[in-house]
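work-v8.cif follows (mmCIF, C-alpha atoms):
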data_my_file
loop_
_atom_site.label_atom_id
_atom_site.label_comp_id
_atom_site.auth_asym_id
_atom_site.auth_seq_id
_atom_site.Cartn_x
_atom_site.Cartn_y
_atom_site.Cartn_z
CA MET A 652 3.95 -19.24 6.76
CA GLU A 653 4.70 -17.22 9.83
CA ALA A 654 7.06 -18.82 12.31
CA ILE A 655 8.25 -17.77 15.76
CA LEU A 656 11.91 -18.69 16.04
CA SER A 657 12.77 -21.54 18.42
CA SER A 658 14.62 -20.83 21.63
CA THR A 659 18.19 -19.95 20.75
CA THR A 660 20.61 -17.10 21.27
CA LEU A 661 22.77 -15.99 18.37
CA GLN A 662 26.04 -14.15 18.71
CA LEU A 663 26.17 -11.95 15.65
CA ARG A 664 29.13 -10.19 14.14
CA VAL A 665 29.32 -7.15 11.93
CA LEU A 666 29.58 -7.49 8.18
CA HIS A 667 32.11 -5.40 6.32
CA THR A 668 30.74 -2.41 4.47
CA HIS A 669 31.41 -3.98 1.07
CA SER A 670 28.53 -6.40 1.74
CA LEU A 671 26.09 -3.54 1.48
CA SER A 672 24.65 -2.25 -1.74
CA SER A 673 27.00 0.15 -3.49
CA SER A 674 24.17 2.66 -3.69
CA LEU A 675 24.00 3.12 0.07
CA SER A 676 25.48 6.04 1.92
CA PRO A 677 28.19 5.57 4.59
CA PHE A 678 26.96 3.79 7.70
CA SER A 679 28.15 3.37 11.23
CA LEU A 680 28.14 -0.34 12.07
CA SER A 681 27.74 -1.97 15.45
CA THR A 682 27.45 -5.47 16.88
CA LEU A 683 23.98 -6.83 17.49
CA ARG A 684 22.93 -9.53 19.96
CA LEU A 685 19.81 -11.40 18.88
CA THR A 686 17.79 -13.44 21.38
CA ARG A 687 15.20 -15.81 19.96
CA GLY A 688 12.47 -17.72 21.74
CA ARG A 689 8.92 -18.97 21.63
CA ASN A 690 7.86 -16.33 24.07
CA PRO A 691 6.34 -13.37 22.16
CA ASN A 692 8.49 -11.11 24.28
CA SER A 693 11.66 -12.54 22.75
CA SER A 694 13.88 -9.62 21.91
CA PHE A 695 16.78 -8.18 20.10
CA GLN A 696 18.86 -5.30 21.29
CA LYS A 697 21.65 -3.14 20.07
CA ASN A 698 24.43 -3.19 22.68
CA SER A 699 23.26 -3.04 26.30
CA SER A 700 21.62 0.35 26.21
CA SER A 701 19.11 -0.25 23.42
CA PRO A 702 15.40 -0.65 24.09
CA ILE A 703 13.92 -4.11 23.56
CA CYS A 704 11.30 -5.08 21.02
CA PRO A 705 9.68 -8.39 20.02
CA PHE A 706 11.27 -10.31 17.16
CA ARG A 707 9.10 -12.16 14.67
CA VAL A 708 9.84 -13.58 11.26
CA SER A 709 7.45 -14.12 8.38
CA ALA A 710 8.88 -16.86 6.19
CA ASN A 711 7.98 -19.60 3.76
CA SER A 712 9.90 -22.32 5.57
CA GLN A 713 11.25 -23.22 8.99
CA ILE A 714 14.63 -21.67 9.65
CA ALA A 715 17.09 -24.01 11.35
CA PRO A 716 19.56 -22.72 13.96
CA ALA A 717 22.95 -21.83 12.48
CA PRO A 718 25.67 -19.19 12.81
CA THR A 719 24.82 -16.03 10.93
CA GLU A 720 25.77 -12.42 10.45
CA VAL A 721 23.91 -9.19 10.83
CA THR A 722 24.48 -5.64 9.77
CA VAL A 723 22.89 -2.76 11.61
CA THR A 724 22.88 0.36 9.47
CA SER A 725 22.39 3.84 10.82
CA PRO A 726 23.04 6.51 8.21
CA SER A 727 24.85 9.43 9.74
CA SER A 728 23.23 11.69 7.17
CA THR A 729 20.64 11.17 4.49
CA SER A 730 22.12 10.83 1.02
CA VAL A 731 20.39 9.95 -2.22
CA SER A 732 22.11 8.44 -5.21
CA SER A 733 21.48 9.82 -8.69
CA GLU A 734 20.12 6.51 -10.03
CA MET A 735 17.61 3.97 -8.73
CA LYS A 736 15.91 0.70 -9.50
CA ALA A 737 12.45 1.04 -11.03
CA TRP A 738 9.93 -0.81 -13.15
CA VAL A 739 9.57 0.89 -16.53
CA TYR A 740 7.67 0.50 -19.78
CA GLY A 741 8.58 2.32 -22.98
CA ASP A 742 5.54 1.25 -25.00
CA TYR A 743 1.90 0.66 -24.19
CA GLY A 744 0.78 -2.95 -24.10
CA GLU A 745 0.36 -6.06 -21.98
CA VAL A 746 2.45 -7.07 -18.96
CA ASP A 747 5.44 -8.06 -21.09
CA VAL A 748 6.25 -4.39 -21.72
CA LEU A 749 7.30 -4.02 -18.07
CA LYS A 750 11.05 -4.13 -17.43
CA LEU A 751 13.10 -3.78 -14.25
CA ASP A 752 15.75 -1.09 -14.82
CA SER A 753 18.60 -0.48 -12.36
CA ASN A 754 19.72 2.81 -13.90
CA VAL A 755 16.69 5.08 -13.78
CA SER A 756 17.36 8.67 -12.78
CA VAL A 757 16.01 9.66 -9.38
CA PRO A 758 13.26 12.24 -10.02
CA PRO A 759 14.08 15.86 -9.16
CA VAL A 760 12.30 17.42 -6.20
CA LYS A 761 10.29 20.60 -6.84
CA ASP A 762 9.84 23.29 -4.20
CA ASP A 763 6.42 21.97 -3.12
CA GLN A 764 7.45 18.31 -3.15
CA VAL A 765 9.20 15.77 -0.95
CA LEU A 766 11.31 12.85 -2.09
CA ILE A 767 10.11 9.55 -0.64
CA LYS A 768 12.22 6.47 -0.13
CA VAL A 769 9.58 3.93 -1.13
CA VAL A 770 8.98 1.08 1.31
CA ALA A 771 5.74 -0.26 -0.16
CA ALA A 772 3.54 0.47 -3.15
CA ALA A 773 0.24 -0.85 -4.45
CA LEU A 774 -1.44 -1.36 -7.79
CA ASN A 775 -4.93 -0.27 -8.82
CA PRO A 776 -6.96 -0.98 -11.96
CA VAL A 777 -5.96 2.44 -13.29
CA ASP A 778 -2.35 1.20 -13.39
CA PHE A 779 -2.97 -1.52 -15.95
CA LYS A 780 -5.45 0.61 -17.91
CA ARG A 781 -2.76 3.29 -18.15
CA ARG A 782 -0.18 0.70 -19.25
CA GLN A 783 -2.60 -0.51 -21.93
CA GLY A 784 -2.87 3.05 -23.28
CA LYS A 785 -6.53 3.54 -22.37
CA PHE A 786 -5.93 7.26 -21.70
CA LYS A 787 -2.67 7.90 -23.52
CA ALA A 788 -4.01 11.18 -24.93
CA THR A 789 -3.76 12.70 -21.44
CA ASP A 790 -0.89 10.58 -20.13
CA SER A 791 2.62 11.85 -19.40
CA PRO A 792 5.32 11.04 -21.98
CA LEU A 793 6.81 7.57 -22.22
CA PRO A 794 8.84 5.88 -20.78
CA THR A 795 6.77 5.49 -17.63
CA VAL A 796 7.49 4.25 -14.13
CA PRO A 797 4.02 3.02 -13.05
CA GLY A 798 2.40 3.24 -9.63
CA TYR A 799 0.02 5.62 -7.87
CA ASP A 800 -0.13 4.45 -4.25
CA VAL A 801 2.91 4.75 -2.01
CA ALA A 802 4.05 4.46 1.59
CA GLY A 803 7.55 5.34 2.65
CA VAL A 804 9.95 7.70 4.37
CA VAL A 805 10.67 11.33 3.49
CA VAL A 806 14.37 11.73 2.67
CA LYS A 807 14.39 15.20 1.12
CA VAL A 808 12.05 18.23 1.27
CA GLY A 809 11.52 21.11 -1.15
CA ASN A 810 11.99 24.73 -0.15
CA GLU A 811 8.24 25.42 0.16
CA VAL A 812 7.35 22.31 2.17
CA LYS A 813 5.92 23.37 5.55
CA ASN A 814 4.58 20.41 7.47
CA LEU A 815 6.72 17.41 6.52
CA LYS A 816 10.34 16.76 7.42
CA GLU A 817 13.00 14.17 6.71
CA GLY A 818 12.25 10.92 8.51
CA ASP A 819 8.46 11.30 8.45
CA GLU A 820 6.61 8.10 7.55
CA VAL A 821 3.97 9.05 4.98
CA TYR A 822 1.47 7.58 2.55
CA GLY A 823 -0.60 8.89 -0.33
CA ASP A 824 -1.61 8.78 -3.98
CA ILE A 825 1.16 10.55 -5.87
CA ASN A 826 -1.16 11.81 -8.65
CA GLU A 827 -3.71 14.51 -7.90
CA LYS A 828 -5.65 13.68 -11.09
CA ALA A 829 -5.54 10.01 -12.00
CA LEU A 830 -6.18 10.47 -15.73
CA GLU A 831 -4.79 13.93 -16.38
CA GLY A 832 -1.04 13.97 -16.75
CA PRO A 833 -0.10 11.41 -14.07
CA LYS A 834 3.55 11.53 -13.07
CA GLN A 835 6.14 9.95 -15.34
CA PHE A 836 7.98 8.66 -12.25
CA GLY A 837 5.53 6.54 -10.27
CA SER A 838 5.78 4.58 -7.03
CA LEU A 839 7.18 1.28 -8.35
CA ALA A 840 10.68 2.54 -7.79
CA GLU A 841 13.17 3.16 -5.01
CA TYR A 842 12.25 6.85 -4.89
CA THR A 843 9.35 9.00 -5.96
CA ALA A 844 8.77 12.76 -5.72
CA VAL A 845 5.35 13.88 -4.46
CA GLU A 846 3.64 17.17 -3.64
CA GLU A 847 3.26 17.66 0.09
CA LYS A 848 -0.47 18.32 -0.29
CA LEU A 849 -1.04 14.79 -1.57
CA LEU A 850 0.46 13.09 1.48
CA ALA A 851 -0.44 12.40 5.09
CA LEU A 852 1.44 10.86 7.97
CA LYS A 853 1.10 7.08 7.96
CA PRO A 854 -1.42 5.78 10.54
CA LYS A 855 0.58 4.65 13.56
CA ASN A 856 -1.07 1.23 13.79
CA LEU A 857 -0.55 0.26 10.15
CA ASP A 858 2.60 -1.10 8.59
CA PHE A 859 3.83 0.28 5.28
CA ALA A 860 2.23 -2.47 3.20
CA GLN A 861 -1.20 -1.89 4.75
CA ALA A 862 -0.88 1.87 4.34
CA ALA A 863 0.25 1.63 0.72
CA GLY A 864 -2.93 -0.22 -0.24
CA LEU A 865 -5.20 2.57 0.95
CA PRO A 866 -4.73 6.03 -0.65
CA LEU A 867 -6.40 5.85 -4.07
CA ALA A 868 -9.08 3.37 -2.98
CA ILE A 869 -10.08 5.05 0.27
CA GLN A 870 -10.17 8.50 -1.32
CA THR A 871 -12.29 7.16 -4.19
CA ALA A 872 -14.67 5.56 -1.69
CA TYR A 873 -14.90 8.73 0.39
CA GLU A 874 -15.30 11.18 -2.48
CA GLY A 875 -17.96 9.06 -4.17
CA LEU A 876 -20.07 8.94 -1.01
CA GLU A 877 -19.56 12.65 -0.47
CA LYS A 878 -20.56 13.55 -4.06
CA SER A 879 -23.67 11.39 -3.78
CA GLY A 880 -24.88 13.45 -0.82
CA PHE A 881 -24.63 10.46 1.48
CA SER A 882 -25.19 11.24 5.15
CA SER A 883 -26.19 9.77 8.48
CA GLY A 884 -29.38 7.71 8.42
CA LYS A 885 -29.25 6.86 4.71
CA SER A 886 -28.92 3.44 3.10
CA VAL A 887 -26.39 2.28 0.52
CA LEU A 888 -25.90 -0.70 -1.77
CA VAL A 889 -22.28 -1.41 -2.74
CA LEU A 890 -21.68 -3.38 -5.93
CA GLY A 891 -18.37 -5.20 -5.61
CA GLY A 892 -18.13 -5.02 -1.84
CA ALA A 893 -15.08 -7.27 -1.57
CA GLY A 894 -12.91 -5.19 -3.90
CA GLY A 895 -10.38 -2.51 -3.05
CA VAL A 896 -12.85 0.39 -3.27
CA GLY A 897 -16.01 -1.51 -2.34
CA SER A 898 -14.58 -2.89 0.91
CA LEU A 899 -13.79 0.66 1.98
CA VAL A 900 -17.16 2.07 0.88
CA ILE A 901 -18.86 -0.38 3.25
CA GLN A 902 -16.69 0.68 6.18
CA LEU A 903 -16.79 4.43 5.50
CA ALA A 904 -20.56 4.40 4.99
CA LYS A 905 -21.05 2.56 8.27
CA HIS A 906 -18.44 4.08 10.55
CA VAL A 907 -17.70 7.53 9.10
CA PHE A 908 -20.95 8.65 7.44
CA GLY A 909 -23.33 6.87 9.83
CA ALA A 910 -25.34 4.74 7.39
CA SER A 911 -28.58 3.28 8.66
CA ARG A 912 -28.23 0.21 6.43
CA VAL A 913 -25.43 -1.13 4.22
CA ALA A 914 -25.93 -3.85 1.61
CA ALA A 915 -23.21 -5.21 -0.65
CA THR A 916 -22.68 -7.81 -3.36
CA SER A 917 -19.97 -10.41 -3.81
CA SER A 918 -19.48 -14.04 -4.82
CA THR A 919 -20.38 -16.83 -2.41
CA GLY A 920 -16.96 -17.21 -0.81
CA LYS A 921 -16.70 -13.54 0.16
CA LEU A 922 -20.05 -13.04 1.91
CA ASP A 923 -18.55 -13.46 5.39
CA LEU A 924 -16.00 -10.77 4.57
CA LEU A 925 -18.79 -8.33 3.69
CA LYS A 926 -20.48 -8.97 7.03
CA SER A 927 -17.22 -8.54 8.93
CA LEU A 928 -16.75 -5.15 7.29
CA GLY A 929 -20.15 -3.96 8.47
CA ALA A 930 -22.61 -4.97 5.75
CA ASP A 931 -26.10 -5.58 7.14
CA LEU A 932 -27.10 -7.46 3.99
CA ALA A 933 -24.61 -9.57 2.01
CA ILE A 934 -25.92 -10.48 -1.45
CA ASP A 935 -24.52 -13.41 -3.41
CA TYR A 936 -24.64 -12.14 -6.99
CA THR A 937 -24.18 -15.70 -8.31
CA LYS A 938 -27.55 -16.68 -6.82
CA GLU A 939 -29.55 -13.47 -6.55
CA ASN A 940 -30.22 -10.44 -8.73
CA PHE A 941 -29.79 -7.35 -6.57
CA GLU A 942 -31.84 -5.26 -8.99
CA ASP A 943 -34.87 -7.47 -8.31
CA LEU A 944 -34.86 -6.85 -4.56
CA GLN A 945 -37.97 -5.23 -3.19
CA GLU A 946 -35.77 -3.05 -0.99
CA LYS A 947 -34.37 0.09 -2.62
CA PHE A 948 -31.49 2.28 -1.46
CA ASP A 949 -30.71 5.97 -1.11
CA VAL A 950 -27.35 5.45 -2.83
CA VAL A 951 -26.00 2.68 -5.02
CA TYR A 952 -22.20 2.69 -5.30
CA ASP A 953 -21.22 0.81 -8.47
CA ALA A 954 -17.57 -0.29 -8.31
CA VAL A 955 -17.89 -3.02 -10.96
CA GLY A 956 -19.53 -1.38 -14.00
CA GLN A 957 -23.18 -2.43 -13.76
CA SER A 958 -24.91 0.94 -13.79
CA GLU A 959 -27.75 -0.29 -16.04
CA LYS A 960 -28.78 -2.65 -13.22
CA ALA A 961 -27.73 -0.27 -10.45
CA VAL A 962 -30.33 2.35 -11.40
CA LYS A 963 -33.06 -0.23 -10.78
CA ALA A 964 -32.01 -0.59 -7.14
CA VAL A 965 -32.00 3.09 -6.15
CA LYS A 966 -34.85 4.97 -4.54
CA GLU A 967 -36.58 7.72 -6.47
CA GLY A 968 -34.45 10.81 -6.05
CA GLY A 969 -31.46 8.76 -4.95
CA SER A 970 -27.96 8.66 -6.42
CA VAL A 971 -25.96 6.09 -8.34
CA VAL A 972 -22.18 6.49 -8.16
CA VAL A 973 -20.24 4.90 -11.02
CA ILE A 974 -16.45 4.57 -11.06
CA THR A 975 -16.04 2.22 -14.04
CA GLY A 976 -17.95 1.26 -17.18
CA ALA A 977 -20.81 3.02 -18.95
CA VAL A 978 -23.13 5.37 -17.07
CA THR A 979 -26.91 5.01 -17.12
CA PRO A 980 -28.89 8.08 -15.95
CA PRO A 981 -29.46 9.12 -13.22
CA GLY A 982 -26.07 7.65 -12.43
CA PHE A 983 -22.98 9.86 -12.47
CA ARG A 984 -19.34 9.10 -12.92
CA PHE A 985 -16.37 10.79 -11.30
CA VAL A 986 -12.61 10.46 -11.16
CA VAL A 987 -11.10 11.03 -7.74
CA THR A 988 -9.05 14.10 -6.93
CA SER A 989 -6.40 13.01 -4.46
CA ASN A 990 -5.86 15.13 -1.36
CA GLY A 991 -3.69 14.41 1.63
CA ALA A 992 -6.15 16.29 3.83
CA VAL A 993 -8.73 13.55 3.23
CA LEU A 994 -6.25 10.90 4.36
CA ALA A 995 -5.43 12.96 7.46
CA LYS A 996 -9.17 13.28 8.19
CA LEU A 997 -9.61 9.51 7.96
CA ASN A 998 -6.49 8.61 9.95
CA PRO A 999 -8.34 8.60 13.32
CA PHE A 1000 -10.80 6.01 11.97
CA LEU A 1001 -7.90 3.87 10.75
CA GLU A 1002 -5.94 4.24 13.98
CA SER A 1003 -8.99 3.33 16.08
CA GLY A 1004 -9.56 0.21 13.99
CA LYS A 1005 -13.03 1.26 12.89
CA VAL A 1006 -11.81 1.25 9.27
CA LYS A 1007 -9.34 -1.44 8.24
CA PRO A 1008 -7.41 -2.16 5.06
CA VAL A 1009 -8.34 -5.44 3.38
CA ILE A 1010 -5.35 -7.29 1.97
CA ASP A 1011 -5.73 -10.26 -0.35
CA PRO A 1012 -4.14 -13.45 1.05
CA LYS A 1013 -2.07 -13.82 -2.14
CA GLY A 1014 -0.15 -10.66 -1.28
CA PRO A 1015 2.16 -9.03 -0.69
CA PHE A 1016 4.20 -9.47 -3.85
CA PRO A 1017 7.93 -8.75 -3.63
CA PHE A 1018 9.39 -6.00 -5.79
CA VAL A 1019 10.82 -8.45 -8.34
CA LYS A 1020 7.34 -9.94 -8.94
CA VAL A 1021 5.65 -6.85 -10.36
CA VAL A 1022 4.72 -8.64 -13.61
CA GLU A 1023 3.00 -11.40 -11.63
CA ALA A 1024 1.20 -8.80 -9.52
CA PHE A 1025 -0.13 -7.00 -12.58
CA SER A 1026 -1.29 -10.33 -14.03
CA TYR A 1027 -3.14 -11.20 -10.83
CA LEU A 1028 -4.72 -7.77 -10.63
CA GLU A 1029 -6.06 -8.16 -14.15
CA THR A 1030 -7.92 -11.37 -13.28
CA ASN A 1031 -10.41 -9.26 -11.26
CA ARG A 1032 -10.48 -11.99 -8.60
CA ALA A 1033 -8.59 -10.19 -5.85
CA ILE A 1034 -10.04 -9.50 -2.41
CA GLY A 1035 -9.47 -5.94 -1.24
CA LYS A 1036 -5.94 -4.83 -2.08
CA SER A 1037 -3.53 -7.68 -2.69
CA TRP A 1038 -0.97 -6.18 -4.98
CA VAL A 1039 1.26 -4.63 -2.34
CA PHE A 1040 5.03 -4.66 -2.73
CA LEU A 1041 7.57 -4.74 0.05
CA GLN A 1042 10.80 -3.57 -1.45
CA SER A 1043 13.77 -5.00 0.39
CA ALA A 1044 16.25 -2.50 -0.95
CA HIS A 1045 14.25 0.27 0.63
CA LEU A 1046 14.10 -1.12 4.12
CA ARG A 1047 17.65 0.04 4.75
CA TYR A 1048 16.25 3.53 5.14
CA LEU A 1049 13.33 2.86 7.48
CA TYR A 1050 13.00 5.25 10.36
CA SER A 1051 11.40 4.32 13.68
CA SER A 1052 10.75 6.31 16.82
CA LYS A 1053 8.96 3.49 18.65
CA PHE A 1054 12.07 2.27 20.42
CA GLY A 1055 14.41 5.23 20.19
CA MET A 1056 16.59 4.17 17.27
CA TYR A 1057 16.28 6.76 14.57
CA PRO A 1058 16.88 5.62 11.92
CA PHE A 1059 17.20 1.86 12.54
CA LEU A 1060 17.41 -1.29 10.45
CA ASN A 1061 19.09 -4.66 10.51
CA HIS A 1062 19.57 -7.04 7.63
CA ILE A 1063 20.11 -10.68 8.55
CA LYS A 1064 21.65 -13.06 6.04
CA TYR A 1065 20.48 -16.37 7.46
CA GLU A 1066 21.39 -19.56 5.55
CA SER A 1067 21.05 -17.74 2.22
CA VAL A 1068 17.74 -16.21 3.36
CA ASP A 1069 17.48 -12.43 3.47
CA ILE A 1070 15.49 -11.14 6.45
CA PHE A 1071 14.94 -7.41 6.72
CA CYS A 1072 13.89 -6.17 10.15
CA TYR A 1073 12.22 -2.96 11.17
CA ASP A 1074 9.95 -1.84 13.97
CA PHE A 1075 8.55 -4.93 15.71
CA TYR A 1076 8.59 -7.22 12.70
CA CYS A 1077 11.00 -8.99 10.40
CA LEU A 1078 9.91 -9.73 6.86
CA TYR A 1079 11.19 -12.54 4.69
CA LEU A 1080 11.38 -11.35 1.09
#

This entry written out as structure tokens:
Amino acid sequence: MEAILSSTTLQLRVLHTHSLSSSLSPFSLSTLRLTRGRNPNSSFQKNSSSPICPFRVSANSQIAPAPTEVTVTSPSSTSVSSEMKAWVYGDYGEVDVLKLDSNVSVPPVKDDQVLIKVVAAALNPVDFKRRQGKFKATDSPLPTVPGYDVAGVVVKVGNEVKNLKEGDEVYGDINEKALEGPKQFGSLAEYTAVEEKLLALKPKNLDFAQAAGLPLAIQTAYEGLEKSGFSSGKSVLVLGGAGGVGSLVIQLAKHVFGASRVAATSSTGKLDLLKSLGADLAIDYTKENFEDLQEKFDVVYDAVGQSEKAVKAVKEGGSVVVITGAVTPPGFRFVVTSNGAVLAKLNPFLESGKVKPVIDPKGPFPFVKVVEAFSYLETNRAIGKSWVFLQSAHLRYLYSSKFGMYPFLNHIKYESVDIFCYDFYCLYL
């Protein structure tokens, strides 16, 4: 439940440094005055010279007025500890192989890489298939820190990095090839090391959770359409239009490639979502067989593994893109090659609002609930991307240039509730 705080002004005092995590670098601390009110322009400000920004709290219950404390942390210099918290599995198997480890070594940074302080990460079907050992012959050695998608802040750069710098807010898929030697240190950790070429600056209008849910899915959607020869004026049928990839195929086909007609399938309860994303025809697969439609399509994008039916819905000479399951000719299957340049190319469409991330209402999951997030992902009932993690320990290192405090964060301990604030929002975790 999201609640705007009732009209009250809190006088806040500084916590001592021992209240901070022992892993944090030295901070300069200052007093914060927090003004709360029903007006959306309610503000908080650091001393009298700080710019003002709205204050909003997302929480599960109403917070009653009470004295509290706040710590504002501004690292004088970026420092990275040698160990971090991360989710790890040492054997392939079901969700019970996942363990939260507080003493994982921070990955080294190669010359062409940057080290990211992870703020949010997301899961994809490839994550649980990897954990189950479906492609262990080409996997990196165990133990594994899972996670492909990431959004966070650059805290260290390699010697050959040219375009990124410390403090940049970035997002991307950390593995260039999803099935060929994916990184041993994934994104479900406090830090992850990533090649510069796989990253792009985070879209300015998206928060870290929204951005984290995009990289692998949006690049899969884009590359599949591109490989199919899709172009302006053509039609497409998307199987699984409410899923992470399918929801983006609809939007990219319509707003980036210039489709003349977009059709998509989903269950009954998700038909309105398909239409809101740009589908001209929303097909309820529980009541109608898409392969029996008289209308045929230039491209069928199969995101659910039904290529045997998909080939019956394509025009002669058309293409069937398959990203999961068996392939029936003339369908073709591909595995995405991640590239930060594709994300940069799509950023204007994201920033204009023409293409939007779709987040399942059950998300985001907090960092400590990774097992639950994997379990939910494996039900195949999610809408868009729901398995996004906001990691509270990481928010201490958020950078913001929107109101001149760089870096800036405050952590409010409010009646045993931890509220971590950054930018214009405060998140209850």

For a quick check of your reading of the model, name the residues lying within 9 Å of the coordinate (7.2, 15.9, -2.1), counting all atoms listed in the file, and write them as a PyMOL selection string. chain A and resi 760-767+805+807-809+812+815+825+843-850

For the structure provided, state which residues fall under the PyMOL selection byres ((chain A and resi 968) around 12), and present them as a PyMOL selection string. chain A and resi 879-880+947-951+962+964-967+969-971+980-982

Identify the residues within 6 Å of coordinate (1.9, -0.9, -12.9) (same frame as the file), considering all atoms listed in the file, and give the answer as a PyMOL selection string. chain A and resi 778-779+797-798

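Proximity of A:Asp800, A:Asp923, A:Glu841, A:Glu820 to Ala868 in chain A, computed with all atoms listed in the file, is greatest for A:Asp800.
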
Pull out every residue that the PyMOL selection byres ((chain A and resi 854-867) around 7) matches in the shown coordinates and put them as a short mmCIF file (atom, residue, chain, number, x, y, z; two decimals) with C-alpha atoms, in the frame of the given file.
data_model
loop_
_atom_site.label_atom_id
_atom_site.label_comp_id
_atom_site.auth_asym_id
_atom_site.auth_seq_id
_atom_site.Cartn_x
_atom_site.Cartn_y
_atom_site.Cartn_z
CA VAL A 770 8.98 1.08 1.31
CA ALA A 771 5.74 -0.26 -0.16
CA ALA A 772 3.54 0.47 -3.15
CA ALA A 773 0.24 -0.85 -4.45
CA ASP A 800 -0.13 4.45 -4.25
CA VAL A 801 2.91 4.75 -2.01
CA ALA A 802 4.05 4.46 1.59
CA GLY A 803 7.55 5.34 2.65
CA TYR A 822 1.47 7.58 2.55
CA GLY A 823 -0.60 8.89 -0.33
CA ASP A 824 -1.61 8.78 -3.98
CA LEU A 852 1.44 10.86 7.97
CA LYS A 853 1.10 7.08 7.96
CA ALA A 868 -9.08 3.37 -2.98
CA ILE A 869 -10.08 5.05 0.27
CA GLN A 870 -10.17 8.50 -1.32
CA THR A 871 -12.29 7.16 -4.19
CA ASN A 998 -6.49 8.61 9.95
CA LEU A 1001 -7.90 3.87 10.75
CA GLU A 1002 -5.94 4.24 13.98
CA PRO A 1008 -7.41 -2.16 5.06
CA LYS A 1036 -5.94 -4.83 -2.08
CA VAL A 1039 1.26 -4.63 -2.34
CA PHE A 1040 5.03 -4.66 -2.73
CA LEU A 1041 7.57 -4.74 0.05
#

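The gap separating CA of Asp1011 in chain A from CA of Ala930 in chain A is 18.7 Å, in Å to one decimal.
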
For the file shown, report as a PyMOL selection string the outcome of the PyMOL selection byres ((chain A and resi 1005) around 9) at residue level. chain A and resi 902-903+906-907+999-1004+1006-1007

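Closest to Lys960 in chain A among A:Val746, A:Leu890, A:Ala995, A:Val777 is A:Leu890, based on only C-alpha atoms.
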